[in-house]
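Have a look at the structure below, then the notes.
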Amino acid sequence: HGHDLTLRGESRFAENGLFGPCLESHGPGQEGRQPNGAIVQNHPDLTPHGAFTLELWIRPKSEFAELRGIAVLLDKKYLDRPSDRPNANNDYMLFLRRRGQAHQIVAYLGFGADSAYYESDAVSLAPGEWRYIAFTYDGHGGGRFFLDGVAAGGGTHEGRGPVAPGRRALVIGDRVLGLYKGFPGYISQVRIMHGAPPWLQGTITTTVGDGR
């Protein structure tokens, strides 16, 4: 749709994707100072209106099994400098975090005045395996996760509406800035979609728009 990707750090376009070339990203390193992933400049198209779905395929590397903290898949939201607080409650962030021997998929959505977390059930993400992740938001406070097409939890925050548009770029495979939290693995087929994909229609109540 006319949006250009610019690689950061050691990230590259690899040939071993599930559907052809894919993005290879890396962890943040010991100091958390090395940005990775691919960046897309801010555009209104990148902030969905109302109901939307974030979906992508991932294949973790071996070092993902040892990762502590979080690994960011998509980020158009999160900032940690006090001077940037007014801009931290916009758009969305999708990341993985460890939960014991398993992981959780987390969506962090900004609604303008504040933000809200949506958390999946505990999931197993073995290195070397391609997995399909989807988070769908109904535009009215309800968010649900799917792993390989199977429901994987979610939640509802009453009184919420659409996410608030922000002015930050979108980063795939890492955090926008600050202490970087790159995903050590491969990412393919990222889609930010109005409504829900066809296979989810009937499982959520929403108005389905064109994929983008």
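Following the order of the structure tokens, first chain is A, next is B, and so on, with residues numbered from 1 inside each chain and ligands from 1 in the order they appear.
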
List the neighbours of A:Arg175 out to 9 Å using only C-alpha atoms; skip same-chain residues closer than 4 positions along the sequence, and give me the result as a JSON list (two decimals) with all heavy atoms, in the first residue's frame.
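Contents of part-v6.json, as written:
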```
[["chain", "number", "residue", "atom", "x", "y", "z"],
["A", 35, "PRO", "N", 18.99, -0.78, 18.19],
["A", 35, "PRO", "CA", 17.67, -0.94, 17.55],
["A", 35, "PRO", "C", 17.73, -1.98, 16.44],
["A", 35, "PRO", "O", 18.74, -2.11, 15.74],
["A", 35, "PRO", "CB", 17.39, 0.45, 17.00],
["A", 35, "PRO", "CG", 18.74, 1.03, 16.74],
["A", 35, "PRO", "CD", 19.64, 0.48, 17.82],
["A", 36, "ASN", "N", 16.67, -2.72, 16.30],
["A", 36, "ASN", "CA", 16.55, -3.72, 15.24],
["A", 36, "ASN", "C", 15.18, -3.62, 14.59],
["A", 36, "ASN", "O", 14.41, -2.69, 14.86],
["A", 36, "ASN", "CB", 16.80, -5.12, 15.80],
["A", 36, "ASN", "CG", 18.27, -5.46, 15.87],
["A", 36, "ASN", "OD1", 18.93, -5.69, 14.87],
["A", 36, "ASN", "ND2", 18.82, -5.47, 17.09],
["A", 37, "GLY", "N", 14.89, -4.57, 13.73],
["A", 37, "GLY", "CA", 13.60, -4.59, 13.06],
["A", 37, "GLY", "C", 13.56, -3.68, 11.85],
["A", 37, "GLY", "O", 14.58, -3.27, 11.31],
["A", 71, "ALA", "N", 9.73, -9.28, 24.26],
["A", 71, "ALA", "CA", 10.23, -9.20, 22.89],
["A", 71, "ALA", "C", 9.11, -8.58, 22.06],
["A", 71, "ALA", "O", 8.00, -9.12, 21.99],
["A", 71, "ALA", "CB", 10.60, -10.57, 22.35],
["A", 72, "VAL", "N", 9.38, -7.45, 21.44],
["A", 72, "VAL", "CA", 8.35, -6.67, 20.75],
["A", 72, "VAL", "C", 8.20, -7.13, 19.30],
["A", 72, "VAL", "O", 9.18, -7.26, 18.57],
["A", 72, "VAL", "CB", 8.69, -5.17, 20.81],
["A", 72, "VAL", "CG1", 7.65, -4.35, 20.04],
["A", 72, "VAL", "CG2", 8.75, -4.70, 22.26],
["A", 73, "LEU", "N", 6.96, -7.34, 18.89],
["A", 73, "LEU", "CA", 6.64, -7.73, 17.52],
["A", 73, "LEU", "C", 6.23, -6.52, 16.68],
["A", 73, "LEU", "O", 6.67, -6.36, 15.55],
["A", 73, "LEU", "CB", 5.53, -8.77, 17.52],
["A", 73, "LEU", "CG", 5.83, -10.07, 18.28],
["A", 73, "LEU", "CD1", 4.60, -10.97, 18.29],
["A", 73, "LEU", "CD2", 7.03, -10.78, 17.70],
["A", 74, "LEU", "N", 5.35, -5.68, 17.23],
["A", 74, "LEU", "CA", 4.90, -4.46, 16.55],
["A", 74, "LEU", "C", 4.83, -3.34, 17.59],
["A", 74, "LEU", "O", 4.34, -3.56, 18.70],
["A", 74, "LEU", "CB", 3.50, -4.64, 15.94],
["A", 74, "LEU", "CG", 3.29, -5.73, 14.89],
["A", 74, "LEU", "CD1", 1.81, -5.83, 14.54],
["A", 74, "LEU", "CD2", 4.11, -5.43, 13.65],
["A", 75, "ASP", "N", 5.29, -2.15, 17.21],
["A", 75, "ASP", "CA", 5.22, -1.04, 18.15],
["A", 75, "ASP", "C", 5.00, 0.27, 17.41],
["A", 75, "ASP", "O", 5.81, 0.69, 16.59],
["A", 75, "ASP", "CB", 6.50, -0.94, 18.98],
["A", 75, "ASP", "CG", 6.41, 0.14, 20.05],
["A", 75, "ASP", "OD1", 5.29, 0.58, 20.36],
["A", 75, "ASP", "OD2", 7.47, 0.53, 20.58],
["A", 76, "LYS", "N", 3.89, 0.91, 17.71],
["A", 76, "LYS", "CA", 3.62, 2.27, 17.23],
["A", 76, "LYS", "C", 3.22, 3.15, 18.42],
["A", 76, "LYS", "O", 2.61, 4.20, 18.24],
["A", 76, "LYS", "CB", 2.50, 2.25, 16.18],
["A", 76, "LYS", "CG", 2.47, 3.53, 15.33],
["A", 76, "LYS", "CD", 1.38, 3.48, 14.29],
["A", 76, "LYS", "CE", 1.41, 4.75, 13.45],
["A", 76, "LYS", "NZ", 1.26, 5.98, 14.24],
["A", 77, "LYS", "N", 3.60, 2.71, 19.61],
["A", 77, "LYS", "CA", 3.03, 3.30, 20.80],
["A", 77, "LYS", "C", 4.02, 3.70, 21.87],
["A", 77, "LYS", "O", 4.09, 4.85, 22.28],
["A", 77, "LYS", "CB", 2.04, 2.31, 21.41],
["A", 77, "LYS", "CG", 1.41, 2.78, 22.70],
["A", 77, "LYS", "CD", 0.60, 1.69, 23.34],
["A", 77, "LYS", "CE", -0.22, 2.24, 24.47],
["A", 77, "LYS", "NZ", 0.62, 2.96, 25.46],
["A", 78, "TYR", "N", 4.78, 2.74, 22.38],
["A", 78, "TYR", "CA", 5.34, 2.87, 23.71],
["A", 78, "TYR", "C", 6.59, 3.73, 23.76],
["A", 78, "TYR", "O", 7.54, 3.54, 23.03],
["A", 78, "TYR", "CB", 5.67, 1.49, 24.28],
["A", 78, "TYR", "CG", 5.98, 1.53, 25.75],
["A", 78, "TYR", "CD1", 4.97, 1.69, 26.69],
["A", 78, "TYR", "CD2", 7.29, 1.46, 26.20],
["A", 78, "TYR", "CE1", 5.25, 1.75, 28.03],
["A", 78, "TYR", "CE2", 7.58, 1.52, 27.55],
["A", 78, "TYR", "CZ", 6.55, 1.66, 28.46],
["A", 78, "TYR", "OH", 6.83, 1.73, 29.80],
["A", 79, "LEU", "N", 6.58, 4.70, 24.69],
["A", 79, "LEU", "CA", 7.72, 5.56, 24.97],
["A", 79, "LEU", "C", 7.94, 5.59, 26.47],
["A", 79, "LEU", "O", 7.00, 5.43, 27.25],
["A", 79, "LEU", "CB", 7.48, 6.97, 24.44],
["A", 79, "LEU", "CG", 7.15, 7.07, 22.95],
["A", 79, "LEU", "CD1", 6.75, 8.49, 22.60],
["A", 79, "LEU", "CD2", 8.33, 6.63, 22.12],
["A", 93, "MET", "N", 0.70, -1.64, 20.57],
["A", 93, "MET", "CA", 1.96, -2.38, 20.70],
["A", 93, "MET", "C", 1.60, -3.85, 20.90],
["A", 93, "MET", "O", 0.65, -4.17, 21.62],
["A", 93, "MET", "CB", 2.74, -1.86, 21.91],
["A", 93, "MET", "CG", 4.09, -2.51, 22.15],
["A", 93, "MET", "SD", 4.83, -1.79, 23.65],
["A", 93, "MET", "CE", 6.49, -2.45, 23.56],
["A", 170, "LEU", "N", 5.83, 3.22, 12.89],
["A", 170, "LEU", "CA", 5.58, 1.82, 13.23],
["A", 170, "LEU", "C", 6.89, 1.04, 13.08],
["A", 170, "LEU", "O", 7.58, 1.17, 12.06],
["A", 170, "LEU", "CB", 4.53, 1.23, 12.30],
["A", 170, "LEU", "CG", 4.35, -0.29, 12.35],
["A", 170, "LEU", "CD1", 3.78, -0.73, 13.69],
["A", 170, "LEU", "CD2", 3.48, -0.77, 11.20],
["A", 171, "VAL", "N", 7.23, 0.25, 14.09],
["A", 171, "VAL", "CA", 8.40, -0.61, 14.02],
["A", 171, "VAL", "C", 7.95, -2.06, 14.09],
["A", 171, "VAL", "O", 7.14, -2.43, 14.95],
["A", 171, "VAL", "CB", 9.41, -0.31, 15.14],
["A", 171, "VAL", "CG1", 10.55, -1.32, 15.12],
["A", 171, "VAL", "CG2", 9.96, 1.09, 14.96],
["A", 179, "LEU", "N", 14.90, 1.84, 25.61],
["A", 179, "LEU", "CA", 15.59, 0.57, 25.80],
["A", 179, "LEU", "C", 14.96, -0.43, 24.84],
["A", 179, "LEU", "O", 13.80, -0.80, 25.00],
["A", 179, "LEU", "CB", 15.48, 0.09, 27.24],
["A", 179, "LEU", "CG", 16.30, 0.86, 28.27],
["A", 179, "LEU", "CD1", 16.04, 0.34, 29.67],
["A", 179, "LEU", "CD2", 17.79, 0.78, 27.95],
["A", 180, "TYR", "N", 15.70, -0.87, 23.86],
["A", 180, "TYR", "CA", 15.14, -1.69, 22.80],
["A", 180, "TYR", "C", 14.85, -3.11, 23.29],
["A", 180, "TYR", "O", 15.53, -3.64, 24.16],
["A", 180, "TYR", "CB", 16.08, -1.70, 21.60],
["A", 180, "TYR", "CG", 16.21, -0.32, 21.00],
["A", 180, "TYR", "CD1", 17.33, 0.46, 21.25],
["A", 180, "TYR", "CD2", 15.19, 0.21, 20.22],
["A", 180, "TYR", "CE1", 17.44, 1.74, 20.71],
["A", 180, "TYR", "CE2", 15.29, 1.49, 19.69],
["A", 180, "TYR", "CZ", 16.41, 2.25, 19.94],
["A", 180, "TYR", "OH", 16.50, 3.51, 19.43],
["A", 181, "LYS", "N", 13.81, -3.69, 22.72],
["A", 181, "LYS", "CA", 13.33, -5.02, 23.13],
["A", 181, "LYS", "C", 13.04, -5.84, 21.87],
["A", 181, "LYS", "O", 11.93, -6.30, 21.64],
["A", 181, "LYS", "CB", 12.05, -4.88, 23.97],
["A", 181, "LYS", "CG", 12.21, -4.01, 25.22],
["A", 181, "LYS", "CD", 13.07, -4.67, 26.28],
["A", 181, "LYS", "CE", 13.14, -3.83, 27.54],
["A", 181, "LYS", "NZ", 14.00, -4.45, 28.58],
["A", 182, "GLY", "N", 14.07, -6.02, 21.04],
["A", 182, "GLY", "CA", 13.89, -6.70, 19.77],
["A", 182, "GLY", "C", 13.51, -8.17, 19.90],
["A", 182, "GLY", "O", 13.89, -8.84, 20.86]]
```

Worksheet item: Do you know which residues are at most 7 Å from A:Ala51 counting only C-alpha atoms, after dropping those on the same chain fewer than 4 positions away, and could you put them as a PyMOL selection string?
Response: chain A and resi 137-139+194-195+206

Worksheet item: Contacts of A:Phe145 at 8 Å or less, counting only C-alpha atoms, minus same-chain residues fewer than 2 places along, as JSON, numbers by chain?
Response: {"A": [105, 120, 133, 134, 135, 136, 143, 147, 151, 152, 153, 154]}

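Compared by their closest atoms to A:Val163, and using only C-alpha atoms, the residues A:Phe19, A:Phe111, A:Trp57, A:Tyr132 rank with A:Phe111 nearest.
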
Practice prompt. Write down as a VMD selection string the residues of stretch 63-212 of chain A whose backbone DSSP state falls under strand (DSSP E).
Written response: chain A and resid 70 to 75 92 to 99 102 to 110 115 to 119 131 to 137 142 to 147 150 to 156 170 to 172 185 to 194

Item to complete: Going by DSSP on the backbone, which bits of stretch 66-122 of chain A are helix (DSSP H, G or I)? Write them as number ranges by chain, please.
Response: A: 66, 82-87

Please dump the current selection as a compact mmCIF listing (two decimals), in the first residue's frame; keep N, CA and C atoms.
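Written file, out-v3.txt:
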```txt
# COMPACT_ATOMS: atom_id res chain seq x y z
N GLU A 66 15.90 -18.34 25.83
CA GLU A 66 16.61 -17.82 26.99
C GLU A 66 16.23 -16.38 27.31
N PRO A 82 9.99 10.73 30.34
CA PRO A 82 8.94 11.57 30.94
C PRO A 82 8.45 12.66 30.00
N SER A 83 9.34 13.21 29.18
CA SER A 83 8.92 14.28 28.27
C SER A 83 7.98 13.78 27.18
N ASP A 84 7.94 12.47 26.96
CA ASP A 84 7.09 11.91 25.91
C ASP A 84 5.80 11.31 26.44
N ARG A 85 5.55 11.43 27.72
CA ARG A 85 4.34 10.82 28.28
C ARG A 85 3.06 11.21 27.56
N PRO A 86 2.88 12.48 27.14
CA PRO A 86 1.61 12.80 26.44
C PRO A 86 1.41 12.01 25.16
N ASN A 87 2.48 11.46 24.60
CA ASN A 87 2.36 10.72 23.35
C ASN A 87 2.34 9.21 23.55
```

Item to complete: Give me the residues within 12 Å of A:Phe64 as an MDAnalysis selection string, counting only C-alpha atoms and dropping any in the same chain fewer than 5 places off.
Response: chainID A and resid 25:28 58:59 69:72 96:98 102:103 124:129 181:186

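For A:Gly141, the residues within 10 Å (counting only C-alpha atoms, excluding itself and residues fewer than 5 positions away along the chain) are Ala51, Ala116, Tyr118, Gly155, Thr156, His157, Glu158, Gly159, Arg160, Gly161, Pro162 and Val163 of chain A.
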
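Each of A:Arg12, A:Pro197, A:Thr53, A:Gln189 was checked against A:Arg144 using only C-alpha atoms; the smallest atom-to-atom distance is that of A:Thr53.
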
Discussion item. So that I can check the surroundings of A:Ser115, please list as a PyMOL selection string every protein, DNA and RNA residue that reaches within 8 Å of it, counting only C-alpha atoms and ignoring chain neighbours fewer than 5 positions away.
Written reply: chain A and resi 89-90+108-110

Output the selection as a JSON list (two decimals), in the first residue's frame - N, CA, C and O atoms for each residue.
```json
[["chain", "number", "residue", "atom", "x", "y", "z"],
["A", 89, "ASN", "N", 0.04, 7.34, 25.06],
["A", 89, "ASN", "CA", -1.29, 6.72, 25.15],
["A", 89, "ASN", "C", -2.02, 6.72, 23.82],
["A", 89, "ASN", "O", -3.22, 6.95, 23.74],
["A", 90, "ASN", "N", -1.26, 6.46, 22.75],
["A", 90, "ASN", "CA", -1.84, 6.39, 21.41],
["A", 90, "ASN", "C", -1.46, 5.06, 20.75],
["A", 90, "ASN", "O", -0.50, 4.41, 21.13],
["A", 108, "TYR", "N", -1.02, -3.86, 23.82],
["A", 108, "TYR", "CA", -1.09, -2.67, 24.67],
["A", 108, "TYR", "C", -1.66, -1.55, 23.80],
["A", 108, "TYR", "O", -1.01, -1.10, 22.86],
["A", 109, "LEU", "N", -2.89, -1.14, 24.09],
["A", 109, "LEU", "CA", -3.61, -0.18, 23.24],
["A", 109, "LEU", "C", -3.74, 1.16, 23.94],
["A", 109, "LEU", "O", -4.02, 1.23, 25.14],
["A", 110, "GLY", "N", -3.55, 2.24, 23.17],
["A", 110, "GLY", "CA", -3.67, 3.58, 23.71],
["A", 110, "GLY", "C", -4.97, 4.24, 23.28],
["A", 110, "GLY", "O", -5.32, 4.24, 22.10]]
```

Worksheet entry | Contact residues around A:Phe13 with only C-alpha atoms at 10 Å, ignoring same-chain residues under 4 positions, as an MDAnalysis selection string | chainID A and resid 7 17 21:25 37:38 186:187
